[in-house]
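Please read the structure below before turning to the comments.
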Amino acid sequence: MVVVVVLNWNRGEDTVCCLESLYRQSYTNYSVVVVDNASTDDSRARIWQWASNQPSLSESRFQTTKSSLRDGVLFSINRGDFIMVNAESNGGYAAGNNIGINLGVSSSAKYIWLLNNDTELHRDALAELVAAADDDDRIGMCGSLLIDYREREIIQAIGGVKFNVFRASGRQIGNGSHLSDGCEEITRPTYVAGASLLARTEMVREIGLLEERYFLYYEEIDWARRASQWEIGVASKSIVYHKEGGTIGTRTSDGRSELSQYYLARNILLFYFRFHRAFYVLAVLKVVKEIFAELIKGSGLARVTLRALLDGLNQKTGAAEIEIINRQ
């Protein structure tokens, strides 16, 4: 069985579209956990109304809250279940997903599928993911072929990201390529893109949950770094259409938002300090270079990047200060 975890924050419409495509999957041995990360809009009501109108879920859906899980899981997950958990506060990407991951680990599930709510799925997306992971017991995580939601012939990533420690930068494998170019020569990612990440439950029990200190970004590479004894797989026939940036609203019409810029700049320092301390100066130099680049462009992101640099140097973790978030 696969436990599918879908995280929502103020994007109820996207989540419903994602769920509709999920329930059209050819692979049916799964259950669904939707975690609402303390939305401030009508997301919870919208998602619950959708679930209530699905005849196939009439006997298997229920809601719960994070507080009801504090003393341990009070229920088991069975095939076909639809569970909605209402988090009491927004603890970030990892904290929200960890609620669902915990439920998956406590069940009899073989895999846990982290699926962004700003995705829609090809009918065989999950079947191909499971087939690829089943093919090799050494695979701890497996990624999909991510396709641009709006330009459906353009690849966003083949499985995930290749990260260069010496350049302190990563590139999405195959990004910008045309589908007609094919995916025959697949490069092994450094980490799986979180928009579609199938994790073997055995691996999660061994290495633990996603790291919550980042709040947003760098959770996947941190997880992969801790799972270095496991292989990373790519299911190139598992097609997932991704809106990119829609999950949390980290893009604006002009490009990267301040919120996105802050977490990317701060968290690379946290990641290097944790895993690549000998090369920590490279991460610092990268952020400094970004500050000067934004100053030259006359961008307001220079100030945010400087703030991220200072917070990263001081090992500040968790959510950004409220004044950054409120400007999004």
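Note on naming: chains are A, B, ... as they come in the structure tokens, residues start from 1 per chain, ligands start from 1 in the order shown.
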
Open item on the list: Can you pull out every residue from segment 1-244 of chain A that DSSP, working from the backbone, puts in strand (DSSP E), and format the result as a VMD selection string?
Closed with: chain A and resid 2 to 8 30 to 36 61 to 65 82 to 86 111 to 116 119 to 121 139 to 148 155 to 158 160 to 164 169 to 172 191 to 192 196 to 200 231 to 242

Generate the output file for the selected residues, C-alpha atoms, as a compact mmCIF listing (two decimals), in the first residue's frame.
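Resulting contents of part_26.txt:
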# COMPACT_ATOMS: atom_id res chain seq x y z
CA VAL A 2 1.00 3.61 -0.62
CA VAL A 3 0.06 6.46 1.71
CA VAL A 4 -0.25 9.62 -0.38
CA VAL A 5 0.45 12.84 1.53
CA VAL A 6 -0.87 16.11 0.04
CA LEU A 7 -0.04 19.33 1.86
CA ASN A 8 -2.35 22.33 1.49
CA TYR A 30 -3.36 3.60 -1.76
CA SER A 31 -4.86 5.83 0.91
CA VAL A 32 -4.77 9.61 1.09
CA VAL A 33 -3.78 11.98 3.88
CA VAL A 34 -4.46 15.66 3.23
CA VAL A 35 -2.75 17.96 5.71
CA ASP A 36 -4.03 21.51 5.85
CA ARG A 61 -13.19 9.56 5.23
CA PHE A 62 -12.76 11.41 8.47
CA GLN A 63 -11.16 14.55 9.84
CA THR A 64 -8.84 14.97 12.76
CA THR A 65 -6.59 17.62 14.25
CA PHE A 82 -9.27 9.53 2.99
CA ILE A 83 -7.95 11.36 6.04
CA MET A 84 -7.80 15.11 6.54
CA VAL A 85 -5.62 16.52 9.29
CA ASN A 86 -6.01 20.15 10.30
CA TYR A 111 5.69 3.57 0.42
CA ILE A 112 4.80 7.16 1.26
CA TRP A 113 4.19 9.48 -1.67
CA LEU A 114 4.75 13.19 -1.03
CA LEU A 115 2.75 14.99 -3.69
CA ASN A 116 2.54 18.74 -4.15
CA THR A 119 0.16 19.05 -9.51
CA GLU A 120 -2.07 17.04 -11.78
CA LEU A 121 -1.25 13.47 -12.68
CA ILE A 139 15.88 2.49 -3.82
CA GLY A 140 14.88 4.65 -0.86
CA MET A 141 13.38 7.54 -2.83
CA CYS A 142 12.05 7.76 -6.35
CA GLY A 143 11.06 10.76 -8.45
CA SER A 144 8.73 11.36 -11.39
CA LEU A 145 9.04 13.12 -14.72
CA LEU A 146 7.85 16.65 -13.93
CA ILE A 147 6.23 18.46 -16.84
CA ASP A 148 5.28 22.12 -17.01
CA ILE A 155 10.24 19.22 -18.95
CA GLN A 156 10.78 20.76 -15.54
CA ALA A 157 12.81 17.93 -14.05
CA ILE A 158 13.58 14.29 -14.72
CA GLY A 160 15.04 15.68 -9.36
CA VAL A 161 18.05 17.95 -8.99
CA LYS A 162 21.78 17.54 -9.47
CA PHE A 163 23.56 19.60 -6.81
CA ASN A 164 27.18 20.76 -7.12
CA SER A 169 24.10 25.42 -6.78
CA GLY A 170 21.79 22.84 -8.26
CA ARG A 171 20.06 22.31 -11.57
CA GLN A 172 16.86 20.47 -12.28
CA TYR A 191 17.91 14.48 -4.49
CA VAL A 192 14.33 13.92 -5.62
CA SER A 196 6.53 14.05 -6.46
CA LEU A 197 8.65 12.05 -4.06
CA LEU A 198 8.00 8.38 -3.36
CA ALA A 199 9.76 7.29 -0.15
CA ARG A 200 10.19 3.72 1.02
CA GLU A 231 19.76 4.59 -3.93
CA ILE A 232 17.72 7.29 -5.64
CA GLY A 233 15.45 6.13 -8.44
CA VAL A 234 13.83 7.90 -11.37
CA ALA A 235 10.53 6.77 -12.87
CA SER A 236 10.69 8.55 -16.23
CA LYS A 237 7.27 7.18 -17.23
CA SER A 238 5.61 8.59 -14.12
CA ILE A 239 4.30 11.87 -15.53
CA VAL A 240 3.33 14.67 -13.16
CA TYR A 241 2.20 18.08 -14.41
CA HIS A 242 3.52 20.75 -12.06

Task: Residue contacts of segment 26-29 of chain A (6 Å, only C-alpha atoms) excluding same-chain residues fewer than 6 positions away, as a PyMOL selection string - done: chain A and resi 1+123-124+127

Open item on the list: Env of Gly12 of chain A: 7 Å cut, atoms = only C-alpha atoms, seq-sep filter 6 positions within chain, self excluded. Answer as a PyMOL selection string.
Closed with: chain A and resi 43+46-47

Now that the selection is made, can you save its residues with N, CA and C atoms as a PDB file, in the first residue's frame?
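Saved as result.pdb:
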ATOM      1  N   SER A  43      -9.963  26.940   2.450  1.00  0.00           N
ATOM      2  CA  SER A  43      -9.422  25.677   1.942  1.00  0.00           C
ATOM      3  C   SER A  43     -10.026  24.456   2.630  1.00  0.00           C
ATOM      4  N   ARG A  46     -13.542  23.800   1.560  1.00  0.00           N
ATOM      5  CA  ARG A  46     -13.609  23.443   0.149  1.00  0.00           C
ATOM      6  C   ARG A  46     -13.171  21.997  -0.072  1.00  0.00           C
ATOM      7  N   ILE A  47     -12.064  21.609   0.567  1.00  0.00           N
ATOM      8  CA  ILE A  47     -11.562  20.240   0.394  1.00  0.00           C
ATOM      9  C   ILE A  47     -12.527  19.238   1.011  1.00  0.00           C
TER      10      ILE A  47
END

Task: Backbone-only DSSP, helix (DSSP H, G or I) members of segment 57-207 of chain A, as a PyMOL selection string - done: chain A and resi 57+66-69+93-105+125-134+179-181+201-207

Open item on the list: For a test of reading the model, state the distance in Å between atom CA of Ser67 of chain A and atom CA of Glu321 of chain A, rounded to one decimal.
Closed with: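 Answer for the atom CA of Ser67 of chain A to atom CA of Glu321 of chain A separation: 25.2 Å.
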
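Atom CA of Asp118 of chain A is found 11.5 Å from atom CA of Gly194 of chain A.
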
- [ ] Between atom CA of His122 of chain A and atom CA of Asn10 of chain A, measure the distance and give it in Å to one decimal.
- [x] 24.3 Å

If we count only C-alpha atoms, what is near segment 210-218 of chain A at a cut-off of 6 Å, once residues fewer than 3 positions away on the same chain are taken out, given as a short mmCIF file (atom, residue, chain, number, x, y, z; two decimals) with C-alpha atoms, in the first residue's frame?
data_model
loop_
_atom_site.label_atom_id
_atom_site.label_comp_id
_atom_site.auth_asym_id
_atom_site.auth_seq_id
_atom_site.Cartn_x
_atom_site.Cartn_y
_atom_site.Cartn_z
CA GLY A 92 6.38 24.83 7.19
CA TYR A 93 6.73 22.28 4.42
CA ALA A 94 8.51 19.61 6.46
CA ALA A 95 6.35 19.94 9.57
CA ILE A 221 18.39 17.48 -0.16
CA THR A 317 15.77 28.51 11.84
CA GLY A 318 12.04 28.23 11.33
CA ALA A 319 9.66 30.79 9.86
#

Task: Counting only C-alpha atoms, the option among A:Glu258, A:Glu290, A:Glu244, A:Glu151 closest to Val304 of chain A - done: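 Of the candidates, the smallest distance to Val304 of chain A is held by A:Glu258.
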
TODO: Do a neighbour search on Leu313 of chain A at 9 Å with only C-alpha atoms, toss out local chain neighbours closer than 5 positions, and write the hits as a PyMOL selection string.
DONE: chain A and resi 266+269-270+284+308

Using C-alpha atoms, can you export the residues from the last selection as an mmCIF file, in the first residue's frame?
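Written out: result-v3.cif:
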data_model
loop_
_atom_site.group_PDB
_atom_site.id
_atom_site.type_symbol
_atom_site.label_atom_id
_atom_site.label_comp_id
_atom_site.auth_asym_id
_atom_site.auth_seq_id
_atom_site.Cartn_x
_atom_site.Cartn_y
_atom_site.Cartn_z
ATOM 1 C CA ARG A 266 19.189 31.490 4.362
ATOM 2 C CA LEU A 269 23.836 28.366 4.835
ATOM 3 C CA LEU A 270 22.001 26.091 7.279
ATOM 4 C CA VAL A 284 28.340 32.410 2.114
ATOM 5 C CA ALA A 308 18.774 35.992 4.936
#

TODO: Find the residue from A:Val165, A:Leu306, A:Cys18, A:Ala38 that sits nearest to Tyr272 of chain A; use only C-alpha atoms when measuring.
DONE: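 Smallest separation from Tyr272 of chain A among the options: A:Val165.
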
- [ ] Identify which of the residues A:Val16, A:Ala195, A:Val204, A:Ala168 lies closest to Leu285 of chain A, counting only C-alpha atoms when measuring atom-to-atom distances.
- [x] A:Ala168

- [ ] Check the smallest atom-to-atom distance from each of A:Val281, A:Gln261, A:His276, A:Glu153 to Ser299 of chain A using only C-alpha atoms, then report the winner.
- [x]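 Of A:Val281, A:Gln261, A:His276, A:Glu153, the one nearest Ser299 of chain A is A:Gln261, counting only C-alpha atoms.
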